[in-house]
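The structure appears right after this line, and notes come after that.
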Amino acid sequence: MASEWRKLPLSLAELCIETTLRCGQSFRWRKINNEWHCVLSNRLITLTQSPTHLSYKSTLPAINPPPHETTLPLLQSYLSLGVPLTQLYTQWSTTDLNFARRCSSFTGIRILNQDAWETLISFICSSNNNISRISSMVNNLCLHYGPYITTISGEPFHDFPSPEALSGPEVESHLRSLGFGYRAKYIADTAQIISQQRPKGWLDQIRNPAVPPADNPKFQPGEKPTYRKAHEALLELTGVGPKVSDCVCLMGLGWWESVPIDTHVWQIAQRDYNFGGKSKSKTFTKGMYESVGDHFRNIWGEYAGWAQSVLFTANLKSFAEQAKTGKRGKKEEEEDKENADVVVKKEKVVKQEVARVVKNEELTVSSTRKRKAVKEEESQQRDEDVKMEDVMDGLTLSSQVSQVSTTSTTTRRVSKRIKARESQ
């Protein structure tokens, strides 16, 4: 059961879904027929965007559907719409010339306020991996272990599986058969730890109290949680290193000062901020990791992770065209134009429908006369068609007779020539 489309006034400077949903934060958004789809909190969310509005609708499952009216607050929290993004871009551009040079090509990138458990497992999958393959793995987790929600254009959509669903004895071997490799053990072990060795709601206990979960705004935070405590607590889980821990802190627990450091960010630190001096080492120790994070926190402040995500995206090969041209790719611009055209077309359809109703009332009076006239025209047309068929039959017959006559004449000539040769 799908809701009607609804609109939120929102500029591309405040949110660009074409960039935000593709830059390696969430791995479950799929684009089908110019619409973005993802299951959040037991419903399918569908998004489109024009230069001035974000349009959304929700599709509920047949079993235990949530109320449609909860979709808007869920979406607002998930997209972190309470954060004044354009103000932050201005602030970072003032204090950081490198950010100022690059940000104009990548406006509207927001940090998603995702489910902590999903974020944890997704980034365990990210180890030595790329966005496309991570997305495939996460989709397989949902297909095989998550509850079914609905199907769009032949593609099934499932919610993310719970820790209990991934803690069974056969999970590791099954995930290995699906191509997860060594990550299969990390996922199975972490699921068992969360479901069996940690108190219920443990991840919420270490999240930022100022950033409630998208689906639970009235959650009860733990006792005096901090970013550092959350970071260290996550390191106790199987398959979680400093980078994965910071990804979960930033995108799953609301610790927005968290700066995940991977090879992309390390390259940025060395290339654009001369971090480490002349040393161009591709590896770094835990002390170096913390130093890079602190360096960026000193520059960008409490939203350092947000600023980092902009530069991280600008460094990805998949966004190279956008970085060079100073604007979004041609494909994305064409899709924006298509979305705007759709809005205009829908308005035209409404006007046409009104005009059609009025016209139908006028046509009702003369419909009988018109039907009679149509029948007369059809009768005349049939007569003409019969005459035309007769003519065509005549032409065909004439052609056939002509061909026979020609063949007979040719045959007689050949016979005379043969007899003449025999007499010689």
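Chain labels follow the order of the structure tokens: the first chain is A, the next B, and so on; residue numbering restarts at 1 in every chain, and ligands are counted from 1 in their shown order.
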Could you make a table, as CSV, of the residues of range 143-238 of chain A that have an atom within 8 Å of an atom of range 248-265 of chain A, each with its nearest atom pair and distance in Å to one decimal, counting only C-alpha atoms, in chain and number order?
```
residue,atom,partner,partner_atom,distance
A:Leu203,CA,A:Leu253,CA,7.8
A:Asp204,CA,A:Leu253,CA,7.4
A:Ile206,CA,A:Leu253,CA,7.4
A:Arg207,CA,A:Leu253,CA,4.5
A:Asn208,CA,A:Gly254,CA,5.3
A:Ala210,CA,A:Gly254,CA,7.7
A:Val211,CA,A:Gly254,CA,5.3
A:Pro212,CA,A:Gly254,CA,7.7
A:Pro213,CA,A:Leu253,CA,7.8
A:Tyr227,CA,A:Trp255,CA,5.9
A:Ala230,CA,A:Cys249,CA,7.0
A:His231,CA,A:Cys249,CA,6.7
```
Residues of range 42-201 of chain A in helix (DSSP H, G or I) according to DSSP, as JSON, numbers by chain?
{"A": [68, 69, 70, 71, 72, 73, 74, 75, 76, 77, 78, 85, 86, 87, 88, 89, 90, 91, 92, 93, 94, 95, 97, 98, 99, 100, 101, 102, 103, 116, 117, 118, 119, 120, 121, 122, 123, 124, 125, 131, 132, 133, 134, 135, 136, 137, 138, 139, 140, 141, 142, 143, 144, 145, 171, 172, 173, 174, 175, 176, 177, 183, 184, 185, 186, 187, 188, 189, 190, 191, 192, 193, 194, 195, 196, 197]}
Gln25 in chain A environment, 10 Å, only C-alpha atoms, sequence neighbours closer than 6 positions dropped, as a list in words
Arg110, Ile111, Leu112, Asn113, Gln114, Thr119, Ser122, Phe123, Ile131, Cys247, Val248, Leu250, Met251, Gly252 and Ser309 of chain A
Grab the residues selected above and save them as a compact mmCIF listing (two decimals), in the first residue's frame with all heavy atoms.
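out29.txt, written as the output of this step:
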```txt
# COMPACT_ATOMS: atom_id res chain seq x y z
N ARG A 110 24.95 15.54 2.76
CA ARG A 110 24.59 15.44 4.18
C ARG A 110 25.04 14.09 4.74
O ARG A 110 25.11 13.09 4.02
CB ARG A 110 23.07 15.54 4.35
CG ARG A 110 22.54 16.94 4.14
CD ARG A 110 21.06 17.05 4.44
NE ARG A 110 20.72 18.46 4.50
CZ ARG A 110 20.83 19.21 5.58
NH1 ARG A 110 21.22 18.67 6.72
NH2 ARG A 110 20.53 20.49 5.56
N ILE A 111 25.31 14.07 6.05
CA ILE A 111 25.56 12.81 6.74
C ILE A 111 24.22 12.21 7.13
O ILE A 111 23.39 12.86 7.76
CB ILE A 111 26.44 13.03 7.99
CG1 ILE A 111 27.85 13.46 7.58
CG2 ILE A 111 26.50 11.76 8.83
CD1 ILE A 111 28.60 12.43 6.75
N LEU A 112 24.00 10.97 6.71
CA LEU A 112 22.75 10.28 7.01
C LEU A 112 22.76 9.75 8.45
O LEU A 112 23.77 9.22 8.92
CB LEU A 112 22.56 9.12 6.04
CG LEU A 112 22.55 9.48 4.55
CD1 LEU A 112 22.50 8.21 3.70
CD2 LEU A 112 21.38 10.39 4.23
N ASN A 113 21.64 9.90 9.11
CA ASN A 113 21.48 9.39 10.47
C ASN A 113 20.91 7.97 10.38
O ASN A 113 19.71 7.75 10.51
CB ASN A 113 20.54 10.31 11.27
CG ASN A 113 20.34 9.84 12.69
OD1 ASN A 113 21.16 9.10 13.25
ND2 ASN A 113 19.25 10.25 13.30
N GLN A 114 21.80 7.01 10.15
CA GLN A 114 21.37 5.64 9.86
C GLN A 114 21.24 4.79 11.13
O GLN A 114 21.72 5.15 12.20
CB GLN A 114 22.39 4.98 8.92
CG GLN A 114 22.55 5.70 7.59
CD GLN A 114 23.57 5.03 6.71
OE1 GLN A 114 23.34 3.96 6.15
NE2 GLN A 114 24.73 5.65 6.58
N THR A 119 24.67 0.14 10.00
CA THR A 119 25.93 0.82 9.69
C THR A 119 27.12 -0.02 10.09
O THR A 119 28.12 -0.12 9.36
CB THR A 119 25.98 2.19 10.39
OG1 THR A 119 24.78 2.91 10.11
CG2 THR A 119 27.16 3.01 9.89
N SER A 122 27.42 -3.00 7.64
CA SER A 122 27.76 -2.50 6.30
C SER A 122 29.24 -2.15 6.21
O SER A 122 29.90 -2.46 5.20
CB SER A 122 26.91 -1.27 5.96
OG SER A 122 25.54 -1.61 5.87
N PHE A 123 29.78 -1.52 7.24
CA PHE A 123 31.18 -1.11 7.17
C PHE A 123 32.14 -2.23 7.54
O PHE A 123 33.33 -2.16 7.20
CB PHE A 123 31.40 0.17 7.99
CG PHE A 123 30.94 1.39 7.25
CD1 PHE A 123 29.71 1.95 7.51
CD2 PHE A 123 31.72 1.94 6.24
CE1 PHE A 123 29.25 3.05 6.79
CE2 PHE A 123 31.29 3.04 5.53
CZ PHE A 123 30.05 3.60 5.80
N ILE A 131 32.56 0.44 -3.34
CA ILE A 131 31.15 0.74 -3.07
C ILE A 131 30.22 -0.23 -3.78
O ILE A 131 29.23 -0.70 -3.20
CB ILE A 131 30.83 2.20 -3.46
CG1 ILE A 131 31.56 3.17 -2.52
CG2 ILE A 131 29.33 2.46 -3.42
CD1 ILE A 131 31.40 4.63 -2.89
N CYS A 247 33.40 5.23 11.18
CA CYS A 247 32.26 5.26 10.25
C CYS A 247 30.95 5.03 11.00
O CYS A 247 29.95 5.71 10.74
CB CYS A 247 32.42 4.19 9.17
SG CYS A 247 33.69 4.56 7.94
N VAL A 248 30.96 4.09 11.93
CA VAL A 248 29.75 3.81 12.71
C VAL A 248 29.44 4.98 13.64
O VAL A 248 28.28 5.38 13.78
CB VAL A 248 29.92 2.50 13.52
CG1 VAL A 248 28.66 2.22 14.35
CG2 VAL A 248 30.21 1.33 12.60
N LEU A 250 30.14 8.12 13.16
CA LEU A 250 29.69 9.27 12.37
C LEU A 250 28.30 9.06 11.78
O LEU A 250 27.41 9.91 11.93
CB LEU A 250 30.68 9.54 11.23
CG LEU A 250 30.31 10.64 10.22
CD1 LEU A 250 30.22 11.99 10.91
CD2 LEU A 250 31.32 10.67 9.07
N MET A 251 28.07 7.91 11.13
CA MET A 251 26.86 7.71 10.35
C MET A 251 25.80 6.87 11.05
O MET A 251 24.65 6.81 10.59
CB MET A 251 27.21 7.07 9.01
CG MET A 251 28.04 7.98 8.12
SD MET A 251 28.74 7.11 6.69
CE MET A 251 30.47 7.09 7.10
N GLY A 252 26.15 6.25 12.18
CA GLY A 252 25.20 5.41 12.88
C GLY A 252 24.92 5.81 14.31
O GLY A 252 23.90 5.42 14.88
N SER A 309 33.40 14.27 4.61
CA SER A 309 32.65 13.51 3.62
C SER A 309 32.61 14.23 2.27
O SER A 309 32.57 13.59 1.21
CB SER A 309 31.22 13.25 4.10
OG SER A 309 30.46 14.45 4.12
```
Which of range 121-306 of chain A counts as strand (DSSP E or B) under DSSP, as number ranges by chain please?
A: 148-152, 155-158
Writing out the chosen residues with C-alpha atoms as a PDB file, in the first residue's frame:
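result_17.pdb written:
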```
ATOM      1  CA  TYR A 148      10.333  -8.817   2.804  1.00  0.00           C
ATOM      2  CA  ILE A 149       8.571  -5.472   2.296  1.00  0.00           C
ATOM      3  CA  THR A 150       7.520  -5.099  -1.358  1.00  0.00           C
ATOM      4  CA  THR A 151       8.603  -5.424  -4.997  1.00  0.00           C
ATOM      5  CA  ILE A 152       9.335  -2.558  -7.409  1.00  0.00           C
ATOM      6  CA  GLU A 155      13.058  -6.166  -7.779  1.00  0.00           C
ATOM      7  CA  PRO A 156      12.263  -7.371  -4.238  1.00  0.00           C
ATOM      8  CA  PHE A 157      13.012  -5.051  -1.329  1.00  0.00           C
ATOM      9  CA  HIS A 158      13.767  -6.351   2.168  1.00  0.00           C
TER      10      HIS A 158
END
```
Quick check, in Å to one decimal: how far apart do CA of Arg183 in chain A and CA of Phe160 in chain A lie?
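Atom-to-atom, CA of Arg183 in chain A and CA of Phe160 in chain A are spaced 17.2 Å apart.
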Name the residues in contact with Ile193 in chain A at a cut-off of 12 Å, using only C-alpha atoms, excluding same-chain residues fewer than 4 positions from it; report them as a compact mmCIF listing (two decimals) with C-alpha atoms, in the first residue's frame.
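Final output, saved to result23.txt:
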```
# COMPACT_ATOMS: atom_id res chain seq x y z
CA PRO A 163 21.42 -9.26 14.97
CA GLU A 164 19.46 -12.39 15.90
CA LEU A 166 22.61 -13.15 11.54
CA SER A 167 23.75 -15.05 14.64
CA GLY A 168 22.65 -18.56 13.62
CA TYR A 186 33.31 -11.05 11.32
CA ILE A 187 29.59 -10.60 10.62
CA ALA A 188 28.51 -13.82 12.34
CA ASP A 189 30.73 -13.21 15.39
CA GLN A 197 26.66 -10.71 25.04
CA ARG A 198 25.51 -7.10 25.06
CA PRO A 199 22.38 -5.72 26.76
CA LYS A 200 19.42 -4.97 24.52
CA TRP A 202 23.51 -1.42 23.69
CA LEU A 203 24.35 0.53 20.53
CA LEU A 234 33.15 -0.51 19.05
CA GLU A 236 35.93 -4.57 21.00
CA LEU A 237 33.77 -6.09 18.26
CA THR A 238 35.09 -8.62 15.74
CA GLY A 239 36.17 -7.07 12.45
```
Separation of CA of Pro73 in chain A from CA of Ala13 in chain A in Å
20.9 Å
Within 10 Å of Pro169 in chain A using only C-alpha atoms, minus same-chain residues under 4 positions, as an MDAnalysis selection string:
chainID A and resid 173:174 188 192
